[in-house]
$ cat target-v6.pdb   # PDB, C-alpha atoms
ATOM      1  CA  MET Z 279     -15.961  42.007 -58.549
ATOM      2  CA  PRO Z 280     -13.425  42.670 -55.757
ATOM      3  CA  MET Z 281     -16.167  41.906 -53.243
ATOM      4  CA  ARG Z 282     -16.940  38.676 -54.951
ATOM      5  CA  ARG Z 283     -13.274  37.735 -54.948
ATOM      6  CA  SER Z 284     -13.030  38.442 -51.207
ATOM      7  CA  VAL Z 285     -16.051  36.281 -50.531
ATOM      8  CA  ILE Z 286     -14.603  33.412 -52.584
ATOM      9  CA  ILE Z 287     -11.255  33.707 -50.815
ATOM     10  CA  ILE Z 288     -12.997  33.724 -47.441
ATOM     11  CA  MET Z 289     -15.088  30.689 -48.418
ATOM     12  CA  VAL Z 290     -12.029  28.807 -49.702
ATOM     13  CA  CYS Z 291     -10.160  29.646 -46.472
ATOM     14  CA  ALA Z 292     -13.137  28.503 -44.394
ATOM     15  CA  LEU Z 293     -13.353  25.282 -46.413
ATOM     16  CA  LEU Z 294      -9.618  24.655 -46.018
ATOM     17  CA  ALA Z 295      -9.808  25.379 -42.274
ATOM     18  CA  THR Z 296     -12.759  23.001 -41.912
ATOM     19  CA  MET Z 297     -10.886  20.267 -43.788
ATOM     20  CA  PHE Z 298      -7.767  20.878 -41.699
ATOM     21  CA  PHE Z 299      -9.688  20.612 -38.415
ATOM     22  CA  ALA Z 300     -11.530  17.520 -39.627
ATOM     23  CA  ILE Z 301      -8.285  15.806 -40.612
ATOM     24  CA  SER Z 302      -6.616  16.935 -37.392
ATOM     25  CA  GLY Z 303      -9.635  15.755 -35.365
ATOM     26  CA  ASP Z 304      -9.462  12.334 -37.042
ATOM     27  CA  ALA Z 305      -5.755  12.134 -36.280
ATOM     28  CA  GLN Z 306      -6.409  13.067 -32.657
ATOM     29  CA  GLY Z 307      -9.230  10.523 -32.454
ATOM     30  CA  ASP Z 308      -6.926   7.887 -33.907
ATOM     31  CA  LYS Z 309      -4.252   8.857 -31.384
ATOM     32  CA  GLN Z 310      -6.759   8.714 -28.499
ATOM     33  CA  ARG Z 311      -8.016   5.324 -29.702
ATOM     34  CA  ALA Z 312      -4.436   4.075 -29.946
ATOM     35  CA  ASP Z 313      -3.671   5.488 -26.476
ATOM     36  CA  SER Z 314      -6.761   3.848 -25.003
ATOM     37  CA  MET Z 315      -5.882   0.540 -26.651
ATOM     38  CA  SER Z 316      -2.349   0.928 -25.352
ATOM     39  CA  ARG Z 317      -3.670   1.692 -21.849
ATOM     40  CA  GLU Z 318      -5.898  -1.378 -21.960
ATOM     41  CA  ALA Z 319      -2.971  -3.528 -23.103
ATOM     42  CA  LYS Z 320      -0.855  -2.123 -20.260
ATOM     43  CA  ARG Z 321      -3.608  -2.861 -17.738
ATOM     44  CA  GLU Z 322      -3.926  -6.401 -19.012
ATOM     45  CA  ALA Z 323      -0.146  -6.881 -18.813
ATOM     46  CA  ARG Z 324      -0.145  -5.621 -15.194
ATOM     47  CA  ARG Z 325      -3.009  -7.992 -14.318
ATOM     48  CA  GLU Z 326      -1.110 -10.876 -15.869
ATOM     49  CA  ARG Z 327       2.104 -10.012 -13.950
ATOM     50  CA  ARG Z 328       0.155  -9.835 -10.664
ATOM     51  CA  THR Z 329      -1.461 -13.192 -11.366
ATOM     52  CA  GLN Z 330       1.937 -14.749 -12.081
ATOM     53  CA  ARG Z 331       3.439 -13.275  -8.877
ATOM     54  CA  LEU Z 332       0.522 -14.557  -6.773
ATOM     55  CA  GLU Z 333       0.799 -18.039  -8.276
ATOM     56  CA  ALA Z 334       4.570 -18.059  -7.698
ATOM     57  CA  TYR Z 335       4.023 -17.035  -4.059
ATOM     58  CA  GLU Z 336       1.497 -19.855  -3.550
ATOM     59  CA  ARG Z 337       3.938 -22.375  -5.045
ATOM     60  CA  HIS Z 338       6.723 -21.020  -2.805
ATOM     61  CA  LEU Z 339       4.573 -21.296   0.319
ATOM     62  CA  ASP Z 340       3.409 -24.791  -0.633
ATOM     63  CA  SER Z 341       7.015 -25.903  -1.146
ATOM     64  CA  LEU Z 342       8.015 -24.507   2.276
ATOM     65  CA  VAL Z 343       5.234 -26.390   4.035
ATOM     66  CA  SER Z 344       5.742 -29.635   2.135
ATOM     67  CA  SER Z 345       9.488 -29.527   2.920
ATOM     68  CA  ASN Z 346       8.751 -29.320   6.682
ATOM     69  CA  HIS Z 347      11.313 -26.530   7.051
ATOM     70  CA  PHE Z 348       9.606 -23.227   7.804
ATOM     71  CA  ARG Z 349       9.000 -20.651  10.494
ATOM     72  CA  PHE Z 350       5.693 -19.294  11.810
ATOM     73  CA  MET Z 351       6.115 -15.682  12.952
ATOM     74  CA  PRO Z 352       3.164 -14.569  15.135
ATOM     75  CA  GLN Z 353       2.028 -10.957  15.010
ATOM     76  CA  THR Z 354      -0.966 -11.138  17.347
ATOM     77  CA  MET Z 355      -2.220 -13.402  20.123
ATOM     78  CA  GLN Z 356      -5.638 -13.766  21.692
ATOM     79  CA  GLN Z 357      -6.817 -15.962  24.533
ATOM     80  CA  LEU Z 358      -9.808 -18.034  23.487
ATOM     81  CA  PRO Z 359     -12.764 -17.795  23.443
ATOM     82  CA  ALA Z 360     -12.894 -13.977  23.461
ATOM     83  CA  GLY Z 361      -9.829 -12.547  25.143
ATOM     84  CA  MET Z 362      -8.135  -9.280  24.358
ATOM     85  CA  MET Z 363      -6.135  -9.176  21.108
ATOM     86  CA  ARG Z 364      -2.476  -8.460  21.843
ATOM     87  CA  ASN Z 365       0.097  -7.330  19.295
ATOM     88  CA  LEU Z 366       3.387  -9.203  19.449
ATOM     89  CA  ALA Z 367       6.279  -6.930  18.576
ATOM     90  CA  ASN Z 368       9.030  -9.296  19.729
ATOM     91  CA  PRO Z 369      10.748 -10.619  16.579
ATOM     92  CA  TYR Z 370      12.004 -13.668  18.496
ATOM     93  CA  TYR Z 371       8.581 -15.198  19.094
ATOM     94  CA  GLU Z 372       8.271 -18.058  16.632
ATOM     95  CA  LEU Z 373       7.377 -21.650  15.963
ATOM     96  CA  VAL Z 374      10.021 -23.319  13.806
ATOM     97  CA  ILE Z 375       9.421 -26.669  12.155
ATOM     98  CA  MET Z 376      12.603 -28.392  10.991
ATOM     99  CA  GLY Z 377      11.790 -31.891   9.887
ATOM    100  CA  SER Z 378      11.188 -33.922  13.034
ATOM    101  CA  GLU Z 379      12.212 -31.123  15.448
ATOM    102  CA  VAL Z 380      10.074 -28.202  16.549
ATOM    103  CA  ASP Z 381      11.395 -25.022  18.223
ATOM    104  CA  VAL Z 382       8.814 -23.156  20.293
ATOM    105  CA  CYS Z 383       9.287 -19.635  21.604
ATOM    106  CA  LEU Z 384       5.782 -18.325  22.280
ATOM    107  CA  PRO Z 385       4.010 -16.457  25.072
ATOM    108  CA  PHE Z 386       1.009 -18.256  26.574
ATOM    109  CA  LEU Z 387      -1.675 -17.374  29.124
ATOM    110  CA  LYS Z 388      -2.331 -20.145  31.633
ATOM    111  CA  GLY Z 389      -5.542 -20.680  33.543
ATOM    112  CA  TYR Z 390      -9.270 -21.091  32.988
ATOM    113  CA  THR Z 391     -10.400 -18.157  35.096
ATOM    114  CA  PRO Z 392      -8.774 -14.864  36.042
ATOM    115  CA  PRO Z 393      -6.208 -14.120  37.121
ATOM    116  CA  TYR Z 394      -4.460 -15.661  34.125
ATOM    117  CA  TYR Z 395      -0.733 -15.769  34.346
ATOM    118  CA  PRO Z 396       1.594 -15.338  31.401
ATOM    119  CA  VAL Z 397       4.324 -17.852  30.668
ATOM    120  CA  LEU Z 398       6.853 -18.178  27.900
ATOM    121  CA  PHE Z 399       7.226 -21.525  26.179
ATOM    122  CA  ASN Z 400      10.859 -21.707  25.099
ATOM    123  CA  TYR Z 401      11.616 -25.288  24.121
ATOM    124  CA  VAL Z 402      13.325 -27.390  21.506
ATOM    125  CA  LEU Z 403      11.065 -30.379  21.003
ATOM    126  CA  THR Z 404      13.032 -33.267  19.544
ATOM    127  CA  SER Z 405       9.910 -35.361  19.086
ATOM    128  CA  VAL Z 406       6.217 -34.578  18.864
ATOM    129  CA  LYS Z 407       3.188 -36.865  18.874
ATOM    130  CA  GLY Z 408       0.686 -37.208  16.064
ATOM    131  CA  TYR Z 409       2.375 -34.873  13.570
ATOM    132  CA  ASN Z 410      -0.081 -34.620  10.677
ATOM    133  CA  VAL Z 411       0.069 -32.428   7.552
ATOM    134  CA  GLU Z 412      -3.055 -32.183   5.440
ATOM    135  CA  LYS Z 413      -3.448 -30.261   2.168
ATOM    136  CA  MET Z 414      -6.726 -28.329   2.075
ATOM    137  CA  SER Z 415      -8.408 -26.424  -0.751
ATOM    138  CA  ASP Z 416      -7.188 -23.068   0.610
ATOM    139  CA  GLY Z 417      -3.860 -24.141   2.116
ATOM    140  CA  TRP Z 418      -2.554 -26.525   4.764
ATOM    141  CA  HIS Z 419      -3.588 -27.848   8.166
ATOM    142  CA  ILE Z 420      -0.836 -29.103  10.490
ATOM    143  CA  THR Z 421      -1.502 -30.638  13.895
ATOM    144  CA  PHE Z 422       0.703 -32.232  16.547
ATOM    145  CA  GLN Z 423       0.943 -32.624  20.304
ATOM    146  CA  SER Z 424       3.681 -32.240  22.862
ATOM    147  CA  SER Z 425       3.884 -32.260  26.645
ATOM    148  CA  MET Z 426       6.622 -29.581  26.490
ATOM    149  CA  PHE Z 427       8.346 -31.227  29.451
ATOM    150  CA  SER Z 428       5.276 -31.071  31.706
ATOM    151  CA  SER Z 429       2.471 -33.429  32.689
ATOM    152  CA  THR Z 430       0.005 -31.705  30.331
ATOM    153  CA  ASP Z 431      -0.343 -32.348  26.608
ATOM    154  CA  TYR Z 432      -0.514 -29.230  24.445
ATOM    155  CA  THR Z 433      -2.126 -29.439  21.019
ATOM    156  CA  PHE Z 434      -0.768 -27.295  18.193
ATOM    157  CA  SER Z 435      -3.100 -26.650  15.263
ATOM    158  CA  LEU Z 436      -1.616 -24.566  12.447
ATOM    159  CA  GLU Z 437      -3.800 -23.353   9.560
ATOM    160  CA  ILE Z 438      -1.764 -21.975   6.652
ATOM    161  CA  TYR Z 439      -3.562 -20.049   3.912
ATOM    162  CA  SER Z 440      -1.535 -20.315   0.703
ATOM    163  CA  SER Z 441      -3.453 -17.716  -1.250
ATOM    164  CA  TYR Z 442      -2.681 -14.780   1.049
ATOM    165  CA  GLY Z 443       0.241 -16.074   3.088
ATOM    166  CA  GLY Z 444      -1.314 -15.782   6.503
ATOM    167  CA  ALA Z 445      -1.413 -18.460   9.156
ATOM    168  CA  THR Z 446      -3.280 -19.104  12.393
ATOM    169  CA  LEU Z 447      -1.828 -21.195  15.198
ATOM    170  CA  THR Z 448      -4.088 -22.424  17.983
ATOM    171  CA  LEU Z 449      -2.321 -23.745  21.068
ATOM    172  CA  SER Z 450      -4.625 -25.523  23.492
ATOM    173  CA  SER Z 451      -4.379 -27.490  26.700
ATOM    174  CA  PRO Z 452      -6.913 -29.364  28.850
ATOM    175  CA  PHE Z 453      -6.100 -27.160  31.867
ATOM    176  CA  SER Z 454      -6.020 -23.715  30.233
ATOM    177  CA  ASN Z 455      -8.007 -21.731  27.724
ATOM    178  CA  GLY Z 456      -6.463 -21.953  24.286
ATOM    179  CA  VAL Z 457      -4.462 -19.144  22.742
ATOM    180  CA  GLN Z 458      -4.688 -18.232  19.075
ATOM    181  CA  TYR Z 459      -1.813 -16.572  17.186
ATOM    182  CA  ASN Z 460      -2.044 -14.916  13.774
ATOM    183  CA  GLY Z 461       1.039 -14.366  11.666
ATOM    184  CA  ASN Z 462       3.077 -15.341   8.621
ATOM    185  CA  ILE Z 463       5.011 -18.291   7.304
ATOM    186  CA  VAL Z 464       8.594 -17.667   6.190
ATOM    187  CA  GLY Z 465      11.512 -19.843   5.163
ATOM    188  CA  ILE Z 466      14.292 -20.788   7.530
TER
END
$ encode --input "target-v6.pdb" --output "structure tokens"
Amino acid sequence: MPMRRSVIIIMVCALLATMFFAISGDAQGDKQRADSMSREAKREARRERRTQRLEAYERHLDSLVSSNHFRFMPQTMQQLPAGMMRNLANPYYELVIMGSEVDVCLPFLKGYTPPYYPVLFNYVLTSVKGYNVEKMSDGWHITFQSSMFSSTDYTFSLEIYSSYGGATLTLSSPFSNGVQYNGNIVGI
């Protein structure tokens, strides 16, 4: 009889332990499911915040361009068609559009064949010819011309990409290879 009692006690303990682990396992599974649902909700909230920030940035950039008061800050320059890419570390190189005036402070490489010679365009242009702003599917396209106080007309073509904030300025002349600048648009 004592052996039988021991076996029953062991079986009852085993049954209770099995029930405890099953209940505890269900609770852990419920907790893991809740955690995974919570993680998914957090991911979705982060995606939504990023989407809202990107849309707000696009609206901000569009408002800068449509106001005609913004600054193009070049970070690189390259002589066309396949010149060496140069990094521009000077924070004072810029193209500023302020309504009907344009401030230009940009390096440029003159000439069609080597040796090219570098010049710095540093002008305040009180009037430009053919200023045209066109809204495109991926941003803006701005073009205008100026003689920059010389006998040559220079054509400025600025492509602004609203979705990622970058911009490309191409400055060309009939007597020199064009120069392309890549950079950002910022407010004044």
$ closest_residue --input "target-v6.pdb" --among "Z:Arg328, Z:Arg349, Z:Arg282, Z:Lys388" --to "Z:Tyr371" --atoms "only C-alpha atoms"
Z:Arg349
$ residues_around --input "target-v6.pdb" --residues "Z:Asp431" --least-positions-apart "3" --cutoff "10 Å" --atoms "only C-alpha atoms" --output "PDB file with C-alpha atoms, in the coordinates of the input"
ATOM      1  CA  LYS Z 407       3.188 -36.865  18.874  1.00  0.00           C
ATOM      2  CA  GLN Z 423       0.943 -32.624  20.304  1.00  0.00           C
ATOM      3  CA  SER Z 424       3.681 -32.240  22.862  1.00  0.00           C
ATOM      4  CA  SER Z 425       3.884 -32.260  26.645  1.00  0.00           C
ATOM      5  CA  MET Z 426       6.622 -29.581  26.490  1.00  0.00           C
ATOM      6  CA  PHE Z 427       8.346 -31.227  29.451  1.00  0.00           C
ATOM      7  CA  SER Z 428       5.276 -31.071  31.706  1.00  0.00           C
ATOM      8  CA  PHE Z 434      -0.768 -27.295  18.193  1.00  0.00           C
ATOM      9  CA  SER Z 450      -4.625 -25.523  23.492  1.00  0.00           C
ATOM     10  CA  SER Z 451      -4.379 -27.490  26.700  1.00  0.00           C
ATOM     11  CA  PRO Z 452      -6.913 -29.364  28.850  1.00  0.00           C
ATOM     12  CA  PHE Z 453      -6.100 -27.160  31.867  1.00  0.00           C
TER      13      PHE Z 453
END
$ residues_around --input "target-v6.pdb" --residues "stretch 437-444 of chain Z" --least-positions-apart "4" --cutoff "7 Å" --atoms "only C-alpha atoms" --output "PyMOL selection string"
chain Z and resi 336+339-340+416-420+461-463
$ resolve_selection --input "target-v6.pdb" --expression "the PyMOL selection byres ((chain Z and resi 460) around 8)" --output "PDB file with C-alpha atoms, in the coordinates of the input"
ATOM      1  CA  PRO Z 352       3.164 -14.569  15.135  1.00  0.00           C
ATOM      2  CA  GLN Z 353       2.028 -10.957  15.010  1.00  0.00           C
ATOM      3  CA  THR Z 354      -0.966 -11.138  17.347  1.00  0.00           C
ATOM      4  CA  MET Z 355      -2.220 -13.402  20.123  1.00  0.00           C
ATOM      5  CA  GLY Z 444      -1.314 -15.782   6.503  1.00  0.00           C
ATOM      6  CA  ALA Z 445      -1.413 -18.460   9.156  1.00  0.00           C
ATOM      7  CA  THR Z 446      -3.280 -19.104  12.393  1.00  0.00           C
ATOM      8  CA  LEU Z 447      -1.828 -21.195  15.198  1.00  0.00           C
ATOM      9  CA  GLN Z 458      -4.688 -18.232  19.075  1.00  0.00           C
ATOM     10  CA  TYR Z 459      -1.813 -16.572  17.186  1.00  0.00           C
ATOM     11  CA  GLY Z 461       1.039 -14.366  11.666  1.00  0.00           C
ATOM     12  CA  ASN Z 462       3.077 -15.341   8.621  1.00  0.00           C
TER      13      ASN Z 462
END
$ resolve_selection --input "target-v6.pdb" --expression "the PyMOL selection byres ((chain Z and resi 377) around 12)" --output "JSON, numbers by chain"
{"Z": [342, 343, 344, 345, 346, 347, 348, 349, 374, 375, 376, 378, 379, 380, 381, 403, 404, 405, 406, 409, 411, 466]}
$ atom_distance --input "target-v6.pdb" --atom1 "atom CA of Z:Tyr394" --atom2 "atom CA of Z:Ser435"
21.9 Å
$ axis_aligned_box --input "target-v6.pdb" --around "stretch 412-431 of chain Z" --padding-each-side "3 Å" --output "AutoDock Vina command-line options"
--center_x 0.0 --center_y -28.2 --center_z 16.0 --size_x 22.8 --size_y 16.4 --size_z 39.4
$ resolve_selection --input "target-v6.pdb" --expression "the PyMOL selection byres ((chain Z and resi 390) around 12)" --output "PyMOL selection string"
chain Z and resi 357-359+361+387-389+391-395+450-457
$ atom_distance --input "target-v6.pdb" --atom1 "atom CA of Z:Thr430" --atom2 "atom CA of Z:Leu449"
12.4 Å
$ closest_residue --input "target-v6.pdb" --among "Z:Thr448, Z:Ser316, Z:Thr433, Z:Thr421" --to "Z:Gln356" --atoms "all atoms listed in the file"
Z:Thr448
$ atom_distance --input "target-v6.pdb" --atom1 "atom CA of Z:Glu372" --atom2 "atom CA of Z:Ser341"
19.5 Å
